[in-house]
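File shown: upload.txt (compact mmCIF, C-alpha atoms and all ligand atoms).
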```txt
# COMPACT_ATOMS: atom_id res chain seq x y z
CA MET A 1 11.98 -25.97 -9.05
CA SER A 2 15.39 -25.27 -7.57
CA GLY A 3 16.07 -21.86 -6.02
CA ILE A 4 18.80 -19.91 -4.29
CA GLY A 5 21.40 -22.24 -2.77
CA GLY A 6 19.67 -25.25 -4.28
CA VAL A 7 16.68 -24.94 -1.91
CA ASP A 8 13.56 -26.42 -3.49
CA LEU A 9 10.87 -23.90 -4.29
CA PRO A 10 7.15 -24.66 -4.27
CA ALA A 11 5.69 -25.46 -7.70
CA PRO A 12 4.18 -22.39 -9.36
CA ILE A 13 0.44 -21.89 -9.12
CA GLU A 14 -0.40 -21.87 -12.80
CA PRO A 15 -3.01 -19.97 -14.82
CA GLY A 16 -6.44 -21.54 -14.36
CA ALA A 17 -6.00 -21.65 -10.58
CA THR A 18 -8.00 -19.53 -8.14
CA ILE A 19 -6.46 -16.64 -6.21
CA GLY A 20 -8.17 -15.76 -2.94
CA ILE A 21 -8.16 -12.05 -2.13
CA LEU A 22 -8.92 -10.76 1.36
CA GLY A 23 -10.59 -7.36 1.06
CA GLY A 24 -13.08 -6.06 -1.46
CA GLY A 25 -11.91 -2.55 -2.34
CA GLN A 26 -10.47 -1.03 -5.49
CA LEU A 27 -7.06 -2.65 -4.94
CA GLY A 28 -8.77 -6.05 -4.96
CA ARG A 29 -10.75 -5.03 -8.02
CA MET A 30 -7.64 -4.14 -10.02
CA LEU A 31 -5.87 -7.25 -8.70
CA ALA A 32 -8.78 -9.44 -9.82
CA LEU A 33 -8.73 -7.81 -13.27
CA ALA A 34 -4.99 -8.45 -13.59
CA ALA A 35 -5.48 -12.05 -12.40
CA ALA A 36 -8.16 -12.53 -15.06
CA GLY A 37 -5.76 -11.16 -17.67
CA LEU A 38 -3.37 -14.03 -16.88
CA GLY A 39 -6.13 -16.64 -16.90
CA TYR A 40 -6.67 -16.94 -13.14
CA ARG A 41 -9.95 -16.78 -11.25
CA ALA A 42 -10.29 -14.40 -8.31
CA HIS A 43 -12.31 -15.28 -5.22
CA VAL A 44 -12.84 -12.29 -2.95
CA PHE A 45 -13.48 -12.52 0.81
CA THR A 46 -14.98 -9.37 2.29
CA PRO A 47 -17.69 -8.34 4.78
CA GLU A 48 -19.01 -5.84 2.21
CA GLU A 49 -21.97 -6.63 -0.11
CA ASP A 50 -21.49 -5.72 -3.80
CA SER A 51 -17.87 -4.68 -3.22
CA PRO A 52 -15.74 -3.16 -6.01
CA ALA A 53 -13.61 -6.34 -6.12
CA ALA A 54 -16.53 -8.79 -6.05
CA GLN A 55 -18.11 -7.03 -9.05
CA VAL A 56 -15.26 -8.26 -11.28
CA SER A 57 -14.37 -11.57 -9.59
CA ALA A 58 -15.33 -15.14 -10.41
CA ALA A 59 -16.54 -15.72 -6.85
CA ALA A 60 -17.11 -13.83 -3.61
CA THR A 61 -17.63 -14.79 0.00
CA VAL A 62 -19.40 -12.11 2.01
CA ALA A 63 -18.56 -12.80 5.65
CA ASP A 64 -16.86 -11.29 8.63
CA TYR A 65 -13.05 -11.63 8.89
CA GLY A 66 -13.64 -13.43 12.19
CA ASP A 67 -15.97 -16.06 10.70
CA LEU A 68 -13.68 -19.09 10.94
CA ASP A 69 -16.11 -21.46 9.18
CA ALA A 70 -16.43 -19.13 6.20
CA LEU A 71 -12.64 -18.73 6.15
CA ALA A 72 -12.13 -22.51 6.12
CA ARG A 73 -14.56 -22.89 3.18
CA PHE A 74 -12.77 -20.02 1.40
CA ALA A 75 -9.36 -21.66 1.98
CA ALA A 76 -10.69 -24.93 0.51
CA ALA A 77 -11.92 -23.11 -2.61
CA VAL A 78 -8.69 -21.25 -3.50
CA ASP A 79 -5.09 -22.19 -4.40
CA VAL A 80 -3.35 -19.22 -2.78
CA VAL A 81 -4.46 -16.30 -0.59
CA THR A 82 -3.33 -12.71 -0.75
CA PHE A 83 -4.47 -9.35 0.64
CA GLU A 84 -5.61 -6.07 -0.75
CA PHE A 85 -6.04 -4.70 2.78
CA GLU A 86 -3.63 -5.38 5.65
CA ASN A 87 -5.88 -4.68 8.63
CA VAL A 88 -7.32 -8.18 8.80
CA PRO A 89 -7.03 -9.83 12.22
CA ALA A 90 -3.83 -11.84 12.75
CA ALA A 91 -5.99 -14.84 13.73
CA THR A 92 -7.67 -14.70 10.31
CA ALA A 93 -4.33 -14.84 8.50
CA ALA A 94 -3.07 -17.66 10.75
CA HIS A 95 -6.28 -19.68 10.23
CA LEU A 96 -5.86 -19.40 6.47
CA ALA A 97 -2.10 -20.05 6.50
CA ALA A 98 -2.70 -23.40 8.22
CA ARG A 99 -4.73 -24.48 5.16
CA VAL A 100 -3.37 -22.76 2.04
CA PRO A 101 -0.29 -20.71 1.00
CA VAL A 102 -0.67 -17.08 2.13
CA HIS A 103 1.46 -14.34 0.54
CA PRO A 104 2.68 -12.01 1.93
CA SER A 105 3.07 -14.09 5.10
CA PRO A 106 1.03 -13.46 8.27
CA ARG A 107 4.29 -12.35 9.95
CA ILE A 108 4.73 -9.54 7.43
CA LEU A 109 1.08 -8.59 7.85
CA ALA A 110 1.54 -8.41 11.62
CA ILE A 111 4.48 -6.02 11.19
CA ALA A 112 2.66 -3.79 8.71
CA GLN A 113 -0.50 -3.44 10.79
CA ASP A 114 1.30 -2.24 13.90
CA ARG A 115 3.20 1.05 13.59
CA LEU A 116 5.44 0.25 16.55
CA ALA A 117 6.34 -3.22 15.28
CA GLU A 118 7.02 -1.68 11.87
CA LYS A 119 9.24 1.09 13.26
CA ARG A 120 11.18 -1.34 15.45
CA PHE A 121 11.67 -3.71 12.51
CA LEU A 122 12.92 -0.87 10.31
CA ARG A 123 15.24 0.45 13.01
CA ASP A 124 16.62 -3.05 13.65
CA ILE A 125 17.50 -3.55 9.97
CA GLY A 126 19.24 -0.15 9.80
CA VAL A 127 16.60 1.85 7.90
CA ALA A 128 16.39 5.55 8.82
CA ILE A 129 13.00 6.64 10.23
CA ALA A 130 11.72 9.64 12.18
CA ASP A 131 12.42 9.51 15.93
CA PHE A 132 9.48 8.05 17.84
CA VAL A 133 8.29 7.35 21.38
CA PRO A 134 5.38 5.02 22.31
CA VAL A 135 2.49 6.76 24.10
CA ASP A 136 0.35 4.58 26.37
CA ASP A 137 -1.28 7.24 28.56
CA ARG A 138 -1.53 11.00 29.08
CA ALA A 139 1.66 11.15 31.17
CA GLY A 140 3.38 9.19 28.41
CA LEU A 141 2.49 11.92 25.95
CA ASP A 142 4.17 14.54 28.19
CA ALA A 143 7.28 12.38 28.37
CA ALA A 144 7.27 11.82 24.61
CA VAL A 145 6.94 15.56 23.93
CA ALA A 146 9.80 16.24 26.37
CA ALA A 147 11.94 13.73 24.45
CA LEU A 148 11.08 14.73 20.88
CA GLY A 149 9.99 18.38 21.15
CA LEU A 150 7.28 20.00 19.04
CA PRO A 151 5.95 20.04 16.39
CA ALA A 152 5.26 16.31 16.32
CA VAL A 153 2.66 13.90 15.01
CA LEU A 154 0.65 11.60 17.29
CA LYS A 155 -0.61 8.45 15.59
CA THR A 156 -2.53 5.37 16.67
CA VAL A 157 -0.40 2.24 16.64
CA ARG A 158 -3.05 0.23 14.79
CA LEU A 159 -5.69 0.76 12.11
CA GLY A 160 -4.22 3.93 10.67
CA TYR A 161 -4.50 4.76 6.98
CA ASP A 162 -5.15 7.86 4.88
CA GLY A 163 -4.25 10.03 7.88
CA LYS A 164 -6.94 8.44 10.06
CA GLY A 165 -5.98 8.10 13.70
CA GLN A 166 -3.39 10.85 13.62
CA ALA A 167 -3.07 14.35 15.09
CA MET A 168 -0.50 16.99 14.21
CA ILE A 169 0.67 18.82 17.34
CA GLY A 170 1.99 22.30 16.56
CA ALA A 171 4.62 24.26 18.46
CA ALA A 172 2.00 25.55 20.94
CA GLY A 173 0.02 22.33 20.63
CA ASP A 174 -2.92 21.26 22.72
CA LEU A 175 -1.74 17.96 24.18
CA ASP A 176 -5.09 17.18 25.83
CA ALA A 177 -6.91 17.46 22.51
CA ALA A 178 -4.30 15.35 20.69
CA PHE A 179 -4.43 12.69 23.39
CA ALA A 180 -8.25 12.67 23.28
CA ALA A 181 -8.05 12.02 19.52
CA LEU A 182 -6.44 8.64 20.27
CA ALA A 183 -9.78 7.68 21.87
CA GLY A 184 -8.11 5.30 24.29
CA ALA A 185 -6.04 3.50 21.63
CA ALA A 186 -2.30 2.92 22.02
CA GLY A 187 -0.31 5.68 20.34
CA VAL A 188 3.12 6.65 19.09
CA LEU A 189 4.54 10.17 18.90
CA GLU A 190 6.71 10.86 15.88
CA ALA A 191 9.07 13.78 15.35
CA PHE A 192 7.76 16.12 12.65
CA VAL A 193 9.70 15.75 9.41
CA ASP A 194 10.19 18.95 7.40
CA PHE A 195 10.31 17.13 4.09
CA ARG A 196 10.90 18.42 0.55
CA MET A 197 8.92 15.63 -1.00
CA GLU A 198 6.93 12.53 -0.16
CA ALA A 199 7.97 9.64 -2.35
CA SER A 200 7.34 5.94 -2.59
CA VAL A 201 8.86 2.88 -4.16
CA VAL A 202 6.86 -0.23 -5.04
CA VAL A 203 9.00 -3.35 -5.20
CA ALA A 204 8.05 -6.94 -5.99
CA ARG A 205 9.85 -10.00 -4.67
CA GLY A 206 9.32 -13.50 -5.99
CA VAL A 207 9.48 -16.83 -4.16
CA ASP A 208 13.01 -17.30 -5.53
CA GLY A 209 14.17 -13.98 -4.06
CA THR A 210 14.34 -12.08 -7.34
CA MET A 211 13.17 -8.47 -7.10
CA ALA A 212 11.79 -5.87 -9.48
CA ALA A 213 11.30 -2.26 -8.41
CA TYR A 214 9.33 0.50 -10.09
CA VAL A 215 10.92 3.92 -10.38
CA PRO A 216 10.46 6.15 -7.28
CA VAL A 217 7.40 8.41 -7.56
CA GLU A 218 6.34 11.64 -5.86
CA ASN A 219 3.11 11.62 -3.86
CA ARG A 220 1.09 14.74 -3.09
CA HIS A 221 -1.54 14.53 -0.37
CA VAL A 222 -4.60 16.66 0.28
CA HIS A 223 -6.15 16.35 3.78
CA HIS A 224 -3.76 13.42 4.40
CA ILE A 225 -5.20 11.47 1.46
CA LEU A 226 -3.14 10.74 -1.64
CA ASP A 227 -4.26 13.13 -4.36
CA THR A 228 -1.62 12.92 -7.09
CA THR A 229 1.30 10.65 -7.96
CA ILE A 230 4.00 11.91 -10.34
CA ALA A 231 6.11 9.27 -12.07
CA PRO A 232 9.03 9.53 -12.00
CA ALA A 233 9.74 11.64 -8.91
CA ASP A 234 12.00 14.65 -9.51
CA LEU A 235 15.00 13.16 -7.67
CA SER A 236 18.68 13.09 -8.59
CA PRO A 237 19.86 9.70 -9.88
CA ASP A 238 21.72 9.25 -6.61
CA ARG A 239 18.60 9.86 -4.47
CA ALA A 240 16.44 7.70 -6.73
CA ASP A 241 18.97 4.87 -6.41
CA ALA A 242 19.06 5.32 -2.63
CA ALA A 243 15.27 5.18 -2.37
CA THR A 244 15.16 2.04 -4.50
CA ALA A 245 17.93 0.39 -2.49
CA ILE A 246 16.00 1.03 0.74
CA ALA A 247 12.87 -0.62 -0.65
CA ARG A 248 14.82 -3.64 -1.89
CA HIS A 249 16.61 -3.97 1.44
CA ILE A 250 13.30 -3.99 3.34
CA ALA A 251 11.65 -6.48 0.96
CA GLY A 252 14.64 -8.81 1.28
CA ARG A 253 14.80 -8.62 5.07
CA LEU A 254 11.04 -9.22 5.32
CA GLY A 255 11.40 -12.33 3.16
CA LEU A 256 8.53 -10.88 1.18
CA VAL A 257 6.64 -12.76 -1.51
CA GLY A 258 4.45 -10.24 -3.31
CA LEU A 259 4.51 -6.46 -3.49
CA LEU A 260 5.72 -3.93 -0.97
CA ALA A 261 5.09 -0.19 -1.12
CA VAL A 262 7.54 1.88 0.91
CA GLU A 263 6.42 5.44 1.70
CA MET A 264 9.27 7.85 2.34
CA PHE A 265 10.01 11.45 3.25
CA VAL A 266 12.82 13.09 1.30
CA GLY A 267 14.36 15.85 3.43
CA ARG A 268 15.62 19.19 2.18
CA ASP A 269 19.14 17.84 2.78
CA GLY A 270 18.36 14.76 0.65
CA ARG A 271 18.03 12.43 3.64
CA ILE A 272 15.45 9.73 3.15
CA LEU A 273 13.31 8.58 6.09
CA VAL A 274 10.84 5.73 5.72
CA ASN A 275 7.32 6.58 6.90
CA GLU A 276 5.24 3.50 6.28
CA LEU A 277 5.10 0.06 4.66
CA ALA A 278 2.22 -1.56 2.78
CA PRO A 279 2.76 -5.21 1.74
CA ARG A 280 0.27 -5.11 -1.15
CA PRO A 281 -0.52 -3.12 -4.29
CA HIS A 282 -0.59 0.58 -3.42
CA ASN A 283 -2.39 3.69 -4.59
CA SER A 284 0.95 5.23 -5.56
CA GLY A 285 1.46 2.34 -8.01
CA HIS A 286 -1.75 2.76 -10.00
CA TRP A 287 0.13 4.65 -12.72
CA THR A 288 1.99 1.44 -13.59
CA ILE A 289 -1.16 0.05 -15.26
CA ASP A 290 -0.87 2.59 -18.06
CA ALA A 291 2.83 3.46 -18.07
CA CYS A 292 4.83 0.26 -17.35
CA ARG A 293 5.44 -3.00 -19.16
CA THR A 294 4.00 -4.91 -16.19
CA SER A 295 1.48 -3.28 -13.84
CA GLN A 296 1.86 -3.54 -10.07
CA PHE A 297 -1.25 -5.72 -10.02
CA GLU A 298 0.05 -8.21 -12.58
CA GLN A 299 3.38 -8.18 -10.75
CA HIS A 300 1.65 -9.07 -7.47
CA VAL A 301 -0.21 -11.93 -9.17
CA ARG A 302 3.04 -13.21 -10.68
CA ALA A 303 4.85 -13.02 -7.33
CA VAL A 304 2.22 -14.72 -5.17
CA CYS A 305 1.72 -17.47 -7.79
CA GLY A 306 5.45 -18.17 -8.07
CA LEU A 307 5.69 -17.06 -11.71
CA PRO A 308 8.69 -15.11 -13.05
CA LEU A 309 8.35 -11.37 -12.36
CA GLY A 310 7.66 -9.05 -15.28
CA SER A 311 9.63 -6.01 -16.35
CA PRO A 312 8.83 -2.97 -14.20
CA GLU A 313 10.26 -0.65 -16.84
CA ARG A 314 8.17 2.43 -17.58
CA HIS A 315 7.51 3.14 -21.23
CA SER A 316 5.84 6.49 -20.46
CA ASP A 317 5.94 9.21 -17.83
CA ALA A 318 2.69 9.54 -15.93
CA VAL A 319 0.64 11.64 -13.54
CA MET A 320 -2.06 9.80 -11.60
CA LYS A 321 -4.90 11.84 -10.05
CA ASN A 322 -7.26 10.19 -7.59
CA LEU A 323 -10.94 10.99 -8.03
CA ILE A 324 -12.03 11.51 -4.43
CA GLY A 325 -15.66 11.99 -3.40
CA ASP A 326 -17.39 14.47 -5.73
CA GLU A 327 -14.38 14.60 -8.07
CA VAL A 328 -15.79 11.49 -9.68
CA ARG A 329 -17.89 13.91 -11.76
CA LEU A 330 -14.66 14.61 -13.73
CA TRP A 331 -15.04 11.28 -15.54
CA ARG A 332 -16.55 12.93 -18.62
CA GLU A 333 -13.61 15.34 -18.95
CA ALA A 334 -11.18 12.47 -18.59
CA LEU A 335 -12.89 10.59 -21.42
CA ALA A 336 -12.51 13.63 -23.67
CA ASP A 337 -8.75 13.90 -23.00
CA PRO A 338 -6.70 11.70 -25.37
CA THR A 339 -3.78 11.56 -22.90
CA ALA A 340 -5.99 10.39 -20.02
CA LYS A 341 -6.95 6.88 -19.00
CA LEU A 342 -9.98 6.66 -16.71
CA HIS A 343 -10.40 3.98 -14.04
CA LEU A 344 -13.63 3.86 -12.02
CA TYR A 345 -14.15 1.52 -9.08
CA GLY A 346 -17.87 0.76 -9.32
CA LYS A 347 -18.76 2.56 -6.07
CA THR A 348 -22.24 4.04 -6.09
CA GLU A 349 -22.06 6.53 -3.23
CA ALA A 350 -19.53 9.42 -3.56
CA ARG A 351 -18.90 10.10 0.14
CA PRO A 352 -16.32 12.79 1.04
CA GLY A 353 -12.82 11.32 1.18
CA ARG A 354 -13.87 8.14 -0.63
CA LYS A 355 -11.63 7.02 -3.48
CA MET A 356 -14.05 6.61 -6.42
CA GLY A 357 -11.58 6.19 -9.26
CA HIS A 358 -8.41 7.62 -10.75
CA VAL A 359 -7.19 9.15 -13.97
CA THR A 360 -3.70 8.52 -15.34
CA ARG A 361 -2.29 10.96 -17.87
CA VAL A 362 0.68 9.61 -19.79
CA GLY A 363 3.27 11.33 -21.93
CA PRO A 364 6.57 10.48 -23.59
CA ARG A 365 9.25 9.17 -21.27
CA ARG A 366 11.92 11.73 -20.46
CA GLY A 367 15.15 10.58 -18.89
P1 LIG B 1 0.59 8.23 7.52
O1 LIG B 1 -0.78 7.91 8.04
O2 LIG B 1 1.70 7.87 8.44
O3 LIG B 1 0.80 7.71 6.11
O4 LIG B 1 0.63 9.83 7.36
C1 LIG B 1 -0.21 10.49 6.45
C2 LIG B 1 0.45 11.78 6.00
O5 LIG B 1 0.68 12.66 7.12
C3 LIG B 1 1.82 11.59 5.39
O6 LIG B 1 1.73 11.20 4.05
C4 LIG B 1 2.42 12.98 5.60
O7 LIG B 1 1.90 13.89 4.64
C5 LIG B 1 1.91 13.37 6.96
N1 LIG B 1 2.85 12.94 8.02
C6 LIG B 1 2.81 11.75 8.65
N2 LIG B 1 3.84 11.65 9.54
C7 LIG B 1 4.54 12.78 9.46
C8 LIG B 1 5.72 13.29 10.12
N3 LIG B 1 6.37 12.58 11.07
N4 LIG B 1 6.17 14.50 9.76
C9 LIG B 1 5.53 15.24 8.83
N5 LIG B 1 4.41 14.84 8.18
C10 LIG B 1 3.92 13.62 8.47
```

Would you put the structure from the file into structure tokens?
Ligand code: AMP
Amino acid sequence: MSGIGGVDLPAPIEPGATIGILGGGQLGRMLALAAAGLGYRAHVFTPEEDSPAAQVSAAATVADYGDLDALARFAAAVDVVTFEFENVPAATAAHLAARVPVHPSPRILAIAQDRLAEKRFLRDIGVAIADFVPVDDRAGLDAAVAALGLPAVLKTVRLGYDGKGQAMIGAAGDLDAAFAALAGAAGVLEAFVDFRMEASVVVARGVDGTMAAYVPVENRHVHHILDTTIAPADLSPDRADAATAIARHIAGRLGLVGLLAVEMFVGRDGRILVNELAPRPHNSGHWTIDACRTSQFEQHVRAVCGLPLGSPERHSDAVMKNLIGDEVRLWREALADPTAKLHLYGKTEARPGRKMGHVTRVGPRRG
């Protein structure tokens, strides 16, 4: 296959092949279902027994991400490897990449799992982000507060998701308590953004450099966890175009193969600041299953297998509500609502804060 500038592209990985998925959560589950829809087999690698993804996959390896023997056997059993979870050790990704194609690349994974690397990358490619200062020790926090002022948000550099590893510091904030919350981990202080809306754009990029972006959506969080996604976001055409252009710019500069979710703050003045990147299917893209011609999960499968991307066009407007913890009891109501589509993840224990499923309500497309 010949690509941009006549550069030869790898042959596509065709239906019938096996896609290796690192991580066993609901993103892996929906990815495995989409893979099955296109005739692929999914092989999940996760430390978790009876994981949501393994329940619907052709094969599963239950082993630690550091188990190099298990990883080598996994690599030999699959045709391509992808992720549903980016916090796998860099050594794991490198070990796999030496044996089998890995998309997105370990380099992209390394950027996305380190907030400082991510912020520096974004700044270097000219993407607007909140001001930030690294915090390595208690004196560093004083210096960062002197530089940025308060309020501000202190986050761990690594292993942060769903608001874990972060502390909001108010105008009269307790710096000792915020620093203690880092529990010895490296941190970064971010200027507080007084946003009008949180939005995200999910964009796919194929091996040949073609891209397909879903419409920007609005994300509402409760206790720092995504609660509701509204598609499309209530943005002017100009702001929606700007948000999409930012996501495409980042995907291109990363040299991404696969999906990228770009989380953004939209300021009261319309300024867009990027908050975070996730190089994988994303919770804010679940609505695409029921409201777009190609779901984010199918799109990810197409991209990592080197197939042509599908149309990201939405045929319906949608509101996606996560079922978190006890909210899973709402499944009966969802079944009774003709506009609602219920998705449950096969998790038995409804712990607080745990994403158990989601419901997407669709309606006619406006605009
Ligand atoms: P994160 O873990 O970076 O995705 O942050 C989780 C949530 O915390 C975001 O979705 C925002 O609601 C809030 N948040 C994070 N950083 C900031 C910031 N710099 N200013 C205001 N709110 C923030």

Open item on the list: I'd like the contact shell of Lys155 (chain A) - 12 Å cut-off, only C-alpha atoms, skipping same-chain residues fewer than 5 positions apart - returned as JSON, numbers by chain.
Closed with: {"A": [114, 115, 116, 132, 133, 134, 135, 136, 141, 160, 161, 162, 163, 164, 165, 166, 167, 168, 169, 178, 179, 180, 181, 182, 183, 184, 185, 186, 187, 188, 189, 190, 191, 192, 275]}

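For Asp67 (chain A), the residues within 12 Å (counting all atoms listed in the file, excluding itself and residues fewer than 2 positions away along the chain) are Phe45, Thr46, Pro47, Thr61, Val62, Ala63, Asp64, Tyr65, Asp69, Ala70, Leu71, Ala72, Arg73, Phe74, Val88, Pro89, Ala91, Thr92, Ala93, His95 and Leu96 of chain A.
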
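Considering the residues A:Thr339, A:Asn283, A:Ser311, A:Thr210 and counting only C-alpha atoms, Ser295 (chain A) has its shortest atom-to-atom contact with A:Ser311.
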
Open item on the list: Residues within 6 Å of region 38-40 of chain A, please, as a PyMOL selection string. Count only C-alpha atoms; anything in the same chain fewer than 2 positions from it doesn't count.
Closed with: chain A and resi 15-18+35-36

- [ ] May I have the protein, DNA and RNA residues with an atom at most 12 Å from (12.1, -2.9, -0.9), counting only C-alpha atoms in the file's coordinates, returned as a ChimeraX atom specification?
- [x] /A:122,127,200-205,209-216,241-264,274,276-279

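Comparing the minimum interatomic distances between ligand LIG 1 (chain B) and each of A:Arg196, A:Arg29, A:Arg138, A:His315, counting all atoms listed in the file, we find that A:Arg196 sits nearest.
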
Open item on the list: Can you pull out the residues contacting Arg239 (chain A)? Cut-off 9 Å, using all atoms listed in the file, and skip same-chain residues under 6 positions away; I want them as a list in words.
Closed with: Val266, Gly270, Arg271 and Ile272 of chain A

TODO: Compare A:Lys119, A:Arg220, A:Arg332, A:His358 by their minimum atom-to-atom distance to Gly346 (chain A), counting all atoms listed in the file, and give me the closest one.
DONE: A:His358

If you count only C-alpha atoms, which residues fall within 8 Å of Lys347 (chain A), apart from same-chain ones fewer than 3 positions away, as an mmCIF file with C-alpha atoms, keeping the file's coordinate frame?
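selection.cif written:
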```cif
data_model
loop_
_atom_site.group_PDB
_atom_site.id
_atom_site.type_symbol
_atom_site.label_atom_id
_atom_site.label_comp_id
_atom_site.auth_asym_id
_atom_site.auth_seq_id
_atom_site.Cartn_x
_atom_site.Cartn_y
_atom_site.Cartn_z
ATOM 1 C CA SER A 51 -17.870 -4.680 -3.220
ATOM 2 C CA PRO A 52 -15.740 -3.160 -6.010
ATOM 3 C CA LEU A 344 -13.630 3.860 -12.020
ATOM 4 C CA ALA A 350 -19.530 9.420 -3.560
ATOM 5 C CA MET A 356 -14.050 6.610 -6.420
#
```

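Distance annotation: of A:Arg302, A:Arg293, A:His223, A:Arg329, the residue with the minimal separation from ligand LIG 1 (chain B) is A:His223; atom set is all atoms listed in the file.
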